>>> print(open('start22.cif').read())   # mmCIF, C-alpha atoms
data_protein
#
loop_
_atom_site.label_atom_id
_atom_site.label_comp_id
_atom_site.auth_asym_id
_atom_site.auth_seq_id
_atom_site.Cartn_x
_atom_site.Cartn_y
_atom_site.Cartn_z
CA MET Q 1 26.27 20.61 77.78
CA SER Q 2 28.95 21.97 75.44
CA ILE Q 3 32.28 20.20 74.82
CA SER Q 4 34.22 22.95 76.59
CA SER Q 5 32.10 22.54 79.68
CA ARG Q 6 32.53 18.77 79.59
CA ILE Q 7 36.29 19.29 79.65
CA ALA Q 8 36.57 22.33 81.95
CA ARG Q 9 34.43 21.09 84.82
CA PRO Q 10 36.36 17.86 85.50
CA LEU Q 11 39.63 19.81 85.28
CA LEU Q 12 38.36 22.37 87.79
CA ALA Q 13 37.00 19.68 90.09
CA SER Q 14 40.20 17.57 90.05
CA ILE Q 15 42.13 19.81 92.47
CA PHE Q 16 39.29 19.72 95.01
CA ILE Q 17 38.84 15.95 94.75
CA SER Q 18 42.56 15.41 95.24
CA GLY Q 19 42.80 17.82 98.16
CA GLY Q 20 39.66 16.38 99.76
CA VAL Q 21 40.99 12.82 99.60
CA ASP Q 22 44.24 13.95 101.18
CA ALA Q 23 42.35 15.77 103.97
CA ILE Q 24 40.30 12.66 104.70
CA GLN Q 25 43.30 10.32 104.78
CA SER Q 26 45.82 12.59 106.53
CA PRO Q 27 44.07 15.36 108.43
CA GLU Q 28 46.87 15.72 111.02
CA GLY Q 29 49.12 17.78 108.72
CA LYS Q 30 46.37 20.35 108.26
CA VAL Q 31 45.12 20.60 111.87
CA LYS Q 32 47.68 23.22 112.93
CA SER Q 33 47.02 25.56 110.02
CA ALA Q 34 43.24 24.95 110.23
CA ALA Q 35 43.18 26.16 113.86
CA ALA Q 36 42.76 29.76 112.64
CA VAL Q 37 39.30 28.74 111.36
CA THR Q 38 38.25 25.77 113.50
CA GLU Q 39 38.78 27.49 116.87
CA PRO Q 40 36.49 30.48 116.14
CA LEU Q 41 33.90 28.12 114.64
CA LYS Q 42 33.87 25.85 117.71
CA ALA Q 43 33.53 28.89 120.00
CA ARG Q 44 30.60 30.19 117.97
CA PHE Q 45 28.80 26.92 117.23
CA ALA Q 46 28.67 24.52 120.17
CA PHE Q 47 27.32 21.62 118.11
CA LEU Q 48 30.57 21.29 116.11
CA PRO Q 49 32.94 18.47 117.14
CA GLU Q 50 35.80 19.38 119.50
CA ASP Q 51 38.43 17.48 117.52
CA PRO Q 52 39.90 19.75 114.77
CA ALA Q 53 40.83 16.67 112.72
CA THR Q 54 37.15 15.79 112.42
CA LEU Q 55 36.40 19.25 111.01
CA VAL Q 56 39.24 18.84 108.51
CA ARG Q 57 37.83 15.48 107.41
CA LEU Q 58 34.33 16.97 107.04
CA ASN Q 59 35.71 19.72 104.84
CA GLY Q 60 37.52 17.10 102.78
CA MET Q 61 34.29 15.13 102.35
CA VAL Q 62 32.51 18.24 101.09
CA GLN Q 63 35.28 18.83 98.55
CA VAL Q 64 35.25 15.24 97.32
CA GLY Q 65 31.45 15.05 97.05
CA ALA Q 66 30.92 18.46 95.47
CA GLY Q 67 33.94 18.00 93.19
CA GLY Q 68 32.57 14.66 91.95
CA LEU Q 69 29.17 16.19 91.19
CA LEU Q 70 30.78 19.10 89.35
CA ALA Q 71 32.94 16.75 87.29
CA LEU Q 72 29.90 14.69 86.31
CA GLY Q 73 27.78 17.78 85.57
CA LYS Q 74 25.19 16.79 88.16
CA PHE Q 75 23.77 19.61 90.30
CA ARG Q 76 26.74 21.57 88.96
CA ARG Q 77 25.65 24.96 90.24
CA LEU Q 78 24.86 23.71 93.73
CA ALA Q 79 28.15 21.76 93.79
CA SER Q 80 30.05 24.87 92.71
CA TRP Q 81 28.60 26.94 95.55
CA ALA Q 82 29.48 24.15 98.03
CA LEU Q 83 33.08 24.27 96.81
CA VAL Q 84 33.08 28.07 97.14
CA ALA Q 85 32.00 27.68 100.76
CA SER Q 86 34.80 25.15 101.28
CA VAL Q 87 37.69 26.92 99.54
CA ILE Q 88 37.29 30.25 101.36
CA PRO Q 89 38.09 28.96 104.88
CA THR Q 90 40.71 26.56 103.44
CA THR Q 91 42.54 29.43 101.72
CA TYR Q 92 42.27 31.71 104.76
CA ALA Q 93 43.56 29.03 107.13
CA GLY Q 94 46.16 27.26 104.96
CA HIS Q 95 47.80 30.11 103.05
CA ARG Q 96 48.23 33.02 105.46
CA PHE Q 97 51.26 34.49 103.68
CA TRP Q 98 51.04 37.69 105.68
CA ASP Q 99 52.01 35.81 108.82
CA GLU Q 100 55.17 34.27 107.30
CA VAL Q 101 58.51 35.75 108.36
CA ASP Q 102 60.69 33.91 105.88
CA GLU Q 103 60.58 35.61 102.50
CA GLU Q 104 60.74 32.36 100.52
CA ALA Q 105 57.88 30.81 102.57
CA ARG Q 106 55.86 33.99 102.19
CA THR Q 107 56.30 33.92 98.43
CA GLN Q 108 55.26 30.27 98.27
CA GLN Q 109 52.17 30.86 100.40
CA ARG Q 110 51.26 33.88 98.33
CA VAL Q 111 51.37 31.75 95.18
CA HIS Q 112 49.08 29.15 96.77
CA PHE Q 113 46.77 31.91 98.02
CA LEU Q 114 46.44 33.45 94.57
CA LYS Q 115 45.99 29.97 93.05
CA ASN Q 116 43.04 29.37 95.37
CA VAL Q 117 41.66 32.81 94.55
CA GLY Q 118 41.79 31.85 90.87
CA LEU Q 119 40.01 28.59 91.64
CA LEU Q 120 37.42 30.61 93.55
CA GLY Q 121 36.82 32.75 90.46
CA GLY Q 122 36.40 29.63 88.34
CA LEU Q 123 33.91 28.20 90.82
CA ILE Q 124 31.88 31.42 90.78
CA LEU Q 125 31.74 31.28 86.96
CA ALA Q 126 30.66 27.63 87.13
CA ALA Q 127 28.02 28.46 89.74
CA THR Q 128 26.53 31.27 87.65
CA ASP Q 129 26.83 29.55 84.26
CA THR Q 130 23.34 28.72 82.99
CA GLU Q 131 24.51 27.33 79.59
CA GLY Q 132 22.02 29.52 77.77
CA ALA Q 133 19.19 28.74 80.14
CA PRO Q 134 17.51 31.66 81.90
CA SER Q 135 19.11 32.64 85.19
CA LEU Q 136 17.28 32.55 88.47
CA GLY Q 137 17.08 36.35 88.51
CA TRP Q 138 15.63 36.42 85.01
CA ARG Q 139 13.14 33.69 85.95
CA ALA Q 140 12.16 35.59 89.07
CA ARG Q 141 11.66 38.81 87.10
CA ARG Q 142 9.74 36.94 84.42
CA ARG Q 143 7.56 35.27 87.02
CA ALA Q 144 6.94 38.62 88.68
CA GLY Q 145 6.01 40.09 85.28
CA GLN Q 146 3.66 37.17 84.62
CA VAL Q 147 2.06 37.63 88.00
CA THR Q 148 1.67 41.36 87.34
CA THR Q 149 0.20 40.66 83.90
CA ALA Q 150 -2.14 38.06 85.36
CA ILE Q 151 -3.26 40.50 88.04
CA GLY Q 152 -3.86 43.19 85.42
CA ALA Q 153 -5.75 40.74 83.22
CA GLY Q 154 -7.76 39.60 86.23
CA ARG Q 155 -8.62 43.17 87.10
CA ALA Q 156 -9.60 43.88 83.50
CA ALA Q 157 -11.72 40.73 83.36
CA THR Q 158 -13.28 41.58 86.69
CA GLY Q 159 -14.05 45.09 85.46
CA ALA Q 160 -15.56 43.72 82.25
CA ARG Q 161 -17.64 41.19 84.17
CA ALA Q 162 -18.72 43.91 86.61
CA HIS Q 163 -19.73 46.17 83.70
CA GLU Q 164 -21.58 43.32 82.03
CA THR Q 165 -23.29 42.40 85.29
CA SER Q 166 -24.21 46.04 85.87
CA ALA Q 167 -25.66 46.30 82.37
CA THR Q 168 -27.62 43.08 82.85
CA LEU Q 169 -28.99 44.25 86.20
CA SER Q 170 -29.87 47.64 84.72
CA HIS Q 171 -31.70 45.99 81.84
CA ALA Q 172 -33.52 43.69 84.26
CA GLY Q 173 -34.41 46.70 86.42
CA ARG Q 174 -35.84 48.56 83.45
CA ARG Q 175 -37.80 45.47 82.41
CA ALA Q 176 -39.15 45.07 85.95
CA LYS Q 177 -40.08 48.75 86.01
CA ARG Q 178 -42.00 48.40 82.76
CA ARG Q 179 -43.80 45.34 84.11
CA ALA Q 180 -44.62 47.18 87.33
CA ASN Q 181 -45.95 50.16 85.40
CA ALA Q 182 -48.04 47.86 83.23
CA ALA Q 183 -49.39 46.08 86.32
CA ALA Q 184 -50.14 49.44 87.93
CA GLY Q 185 -51.97 50.54 84.77
CA LYS Q 186 -54.00 47.33 84.81
CA GLY Q 187 -54.76 47.93 88.48
CA ARG Q 188 -55.95 51.47 87.79
CA ARG Q 189 -58.12 50.23 84.93
CA ALA Q 190 -59.51 47.48 87.15
CA GLY Q 191 -60.25 50.08 89.84
CA ARG Q 192 -62.08 52.29 87.38
CA GLU Q 193 -64.07 49.30 86.11
CA ALA Q 194 -64.91 48.33 89.70
CA ASN Q 195 -66.08 51.87 90.44
CA LYS Q 196 -68.22 51.88 87.35
CA ALA Q 197 -69.66 48.48 88.24
CA ALA Q 198 -70.38 49.69 91.78
CA GLN Q 199 -72.09 52.80 90.44
CA ARG Q 200 -74.17 50.71 88.05
CA ALA Q 201 -75.08 48.32 90.86
CA GLY Q 202 -76.02 51.30 93.07
CA HIS Q 203 -78.22 52.75 90.37
CA ARG Q 204 -79.89 49.40 89.84
CA ALA Q 205 -80.43 49.01 93.59
CA ASN Q 206 -81.90 52.52 93.85
CA ARG Q 207 -84.21 51.84 90.96
CA ALA Q 208 -85.25 48.53 92.50
CA VAL Q 209 -85.97 50.16 95.87
CA SER Q 210 -87.86 52.98 94.21
CA ASP Q 211 -89.86 50.55 92.11
CA ALA Q 212 -90.54 48.43 95.17
CA ALA Q 213 -91.68 51.53 97.09
CA LYS Q 214 -93.93 52.57 94.26
CA SER Q 215 -95.32 49.08 94.01
CA GLY Q 216 -95.94 49.01 97.78
CA VAL Q 217 -97.73 52.35 97.73
CA THR Q 218 -99.86 51.28 94.79
CA PHE Q 219 -100.68 48.00 96.47
CA ALA Q 220 -101.49 49.58 99.87
CA THR Q 221 -103.59 52.52 98.60
CA PRO Q 222 -106.98 50.66 98.38
CA TYR Q 223 -106.52 49.18 101.82
CA VAL Q 224 -105.59 52.52 103.30
CA ARG Q 225 -108.63 54.16 101.68
CA HIS Q 226 -110.89 51.39 102.95
CA ALA Q 227 -109.41 51.71 106.42
CA ASN Q 228 -109.95 55.43 106.42
CA GLU Q 229 -113.55 55.01 105.29
CA SER Q 230 -114.14 52.36 107.95
CA ALA Q 231 -112.63 54.55 110.65
CA ALA Q 232 -114.76 57.51 109.59
CA GLY Q 233 -117.91 55.38 109.63
CA ALA Q 234 -117.10 53.98 113.03
CA ALA Q 235 -116.45 57.50 114.35
CA ARG Q 236 -119.82 58.72 113.03
CA ALA Q 237 -121.58 55.72 114.50
CA ALA Q 238 -119.91 56.29 117.86
CA PHE Q 239 -120.86 59.97 117.80
CA ASP Q 240 -124.50 59.21 116.90
CA SER Q 241 -124.66 56.65 119.70
CA ALA Q 242 -123.12 58.97 122.28
CA ALA Q 243 -125.09 62.12 121.30
CA PRO Q 244 -128.26 61.40 123.46
CA TYR Q 245 -126.10 60.63 126.44
CA VAL Q 246 -124.07 63.75 125.94
CA SER Q 247 -127.29 65.87 125.70
CA ALA Q 248 -128.70 64.26 128.84
CA GLY Q 249 -125.45 64.83 130.64
CA VAL Q 250 -125.39 68.45 129.61
CA GLU Q 251 -128.98 69.02 130.79
CA ARG Q 252 -128.30 67.27 134.10
CA ALA Q 253 -125.20 69.39 134.61
CA GLY Q 254 -127.26 72.52 133.99
CA GLU Q 255 -129.79 71.52 136.59
CA VAL Q 256 -127.07 70.85 139.17
CA ILE Q 257 -125.50 74.18 138.51
CA ALA Q 258 -128.88 75.97 138.81
CA LYS Q 259 -129.64 74.38 142.16
CA ALA Q 260 -126.20 75.22 143.40
CA THR Q 261 -126.53 78.89 142.50
CA GLU Q 262 -129.85 79.27 144.29
CA HIS Q 263 -128.25 78.97 147.70
CA LEU Q 264 -125.48 81.43 146.92
CA PRO Q 265 -125.95 84.92 148.47
CA SER Q 266 -126.96 87.60 146.07
#
>>> encode(input="start22.cif", output="structure tokens")
Amino acid sequence: MSISSRIARPLLASIFISGGVDAIQSPEGKVKSAAAVTEPLKARFAFLPEDPATLVRLNGMVQVGAGGLLALGKFRRLASWALVASVIPTTYAGHRFWDEVDEEARTQQRVHFLKNVGLLGGLILAATDTEGAPSLGWRARRRAGQVTTAIGAGRAATGARAHETSATLSHAGRRAKRRANAAAGKGRRAGREANKAAQRAGHRANRAVSDAAKSGVTFATPYVRHANESAAGAARAAFDSAAPYVSAGVERAGEVIAKATEHLPS
């Protein structure tokens, strides 16, 4: 806090502290003039006390408390705005120079009105004085800019991560494709080898069957020849044995036929 501020703030706050103490101790003298403000407030806000003196005392308490904080430099900006809220209705209610008929009273009230307007200007300066620190508006704009920058950085980082992830997935896909092609090639080679092996096995089986057939024929030929010879011999023997009987049968049949034809008419 600068030296000028240390001096100016207590001086500005002194008039409000003094007036607030007077309003707390002797509110009756201000009740009549305060009616222009207290009556509309009571009609609008039902929770306010009915006694105008109580409202005057409350306003005095605000002035004393906020004035003390401003003089000490504690919560100075908040205290200044509280005094602004207090001095506006006080000036409007207590210094209505436009309602005065007497010229001297009007002039006096006008002076007090303008004095309070000047105090109001000083309070506004005190409320907006940041003493070199950034104002709330600047902080808000700076925070908004930081948020915007953070969002942009986040989007950029997200885009970079997405591109990196896409590249990684693409590389993995190409690697998987190569492995699949290699596995397919191995499968085709294995299929060809299996076909060749099956063909070789088939050839070997055919040769084995053929050899077995040849061996069987060779082995069975003597027995077949012997069987044929035996069958032929048996047939000849049977024919030789049956020949006399066949001749006798033929002769007997001839005799029967001759006897039968003798009785037939010529």
>>> residues_around(input="start22.cif", residues="Ala71 in chain Q", least_positions_apart="4", cutoff="6 Å", atoms="all atoms listed in the file", output="PyMOL selection string")
chain Q and resi 9-10+13
>>> atom_distance(input="start22.cif", atom1="CA of Thr107 in chain Q", atom2="CA of Thr91 in chain Q")
14.8 Å
>>> atom_distance(input="start22.cif", atom1="CA of Val31 in chain Q", atom2="CA of Pro52 in chain Q")
6.0 Å
>>> closest_residue(input="start22.cif", among="Q:Val56, Q:Lys115, Q:Leu48, Q:Gly122", to="Val84 in chain Q", atoms="only C-alpha atoms")
Q:Gly122
>>> build_atoms(input="start22.cif", residues="range 68-85 of chain Q", atoms="N, CA, C and O atoms", output="compact mmCIF listing (two decimals), in the coordinates of the input")
# COMPACT_ATOMS: atom_id res chain seq x y z
N GLY Q 68 33.06 15.75 92.80
CA GLY Q 68 32.57 14.66 91.95
C GLY Q 68 31.32 15.07 91.20
O GLY Q 68 31.18 14.77 90.00
N LEU Q 69 30.39 15.74 91.87
CA LEU Q 69 29.17 16.19 91.19
C LEU Q 69 29.48 17.20 90.10
O LEU Q 69 28.89 17.15 89.01
N LEU Q 70 30.41 18.12 90.38
CA LEU Q 70 30.78 19.10 89.35
C LEU Q 70 31.44 18.44 88.16
O LEU Q 70 31.15 18.81 87.00
N ALA Q 71 32.29 17.46 88.40
CA ALA Q 71 32.94 16.75 87.29
C ALA Q 71 31.93 16.00 86.44
O ALA Q 71 32.08 15.91 85.21
N LEU Q 72 30.91 15.45 87.05
CA LEU Q 72 29.90 14.69 86.31
C LEU Q 72 28.82 15.59 85.70
O LEU Q 72 28.00 15.12 84.92
N GLY Q 73 28.80 16.86 86.09
CA GLY Q 73 27.78 17.78 85.57
C GLY Q 73 26.42 17.60 86.23
O GLY Q 73 25.41 18.04 85.68
N LYS Q 74 26.43 16.99 87.42
CA LYS Q 74 25.19 16.79 88.16
C LYS Q 74 25.08 17.85 89.27
O LYS Q 74 26.02 18.01 90.05
N PHE Q 75 23.96 18.54 89.30
CA PHE Q 75 23.77 19.61 90.30
C PHE Q 75 25.00 20.53 90.30
O PHE Q 75 25.52 20.88 91.36
N ARG Q 76 25.47 20.87 89.11
CA ARG Q 76 26.74 21.57 88.96
C ARG Q 76 26.75 22.92 89.66
O ARG Q 76 27.77 23.31 90.26
N ARG Q 77 25.66 23.64 89.63
CA ARG Q 77 25.65 24.96 90.24
C ARG Q 77 25.65 24.85 91.77
O ARG Q 77 26.35 25.58 92.46
N LEU Q 78 24.86 23.93 92.29
CA LEU Q 78 24.86 23.71 93.73
C LEU Q 78 26.22 23.20 94.20
O LEU Q 78 26.74 23.64 95.25
N ALA Q 79 26.82 22.28 93.44
CA ALA Q 79 28.15 21.76 93.79
C ALA Q 79 29.20 22.86 93.75
O ALA Q 79 30.10 22.91 94.61
N SER Q 80 29.09 23.77 92.80
CA SER Q 80 30.05 24.87 92.71
C SER Q 80 29.95 25.79 93.92
O SER Q 80 30.97 26.21 94.49
N TRP Q 81 28.75 26.09 94.35
CA TRP Q 81 28.60 26.94 95.55
C TRP Q 81 29.10 26.22 96.80
O TRP Q 81 29.67 26.87 97.70
N ALA Q 82 28.94 24.90 96.88
CA ALA Q 82 29.48 24.15 98.03
C ALA Q 82 31.01 24.23 98.04
O ALA Q 82 31.62 24.39 99.11
N LEU Q 83 31.62 24.14 96.88
CA LEU Q 83 33.08 24.27 96.81
C LEU Q 83 33.54 25.68 97.14
O LEU Q 83 34.61 25.87 97.75
N VAL Q 84 32.76 26.69 96.76
CA VAL Q 84 33.08 28.07 97.14
C VAL Q 84 33.10 28.20 98.66
O VAL Q 84 34.01 28.81 99.25
N ALA Q 85 32.06 27.62 99.30
CA ALA Q 85 32.00 27.68 100.76
C ALA Q 85 33.15 26.91 101.41
O ALA Q 85 33.55 27.22 102.54
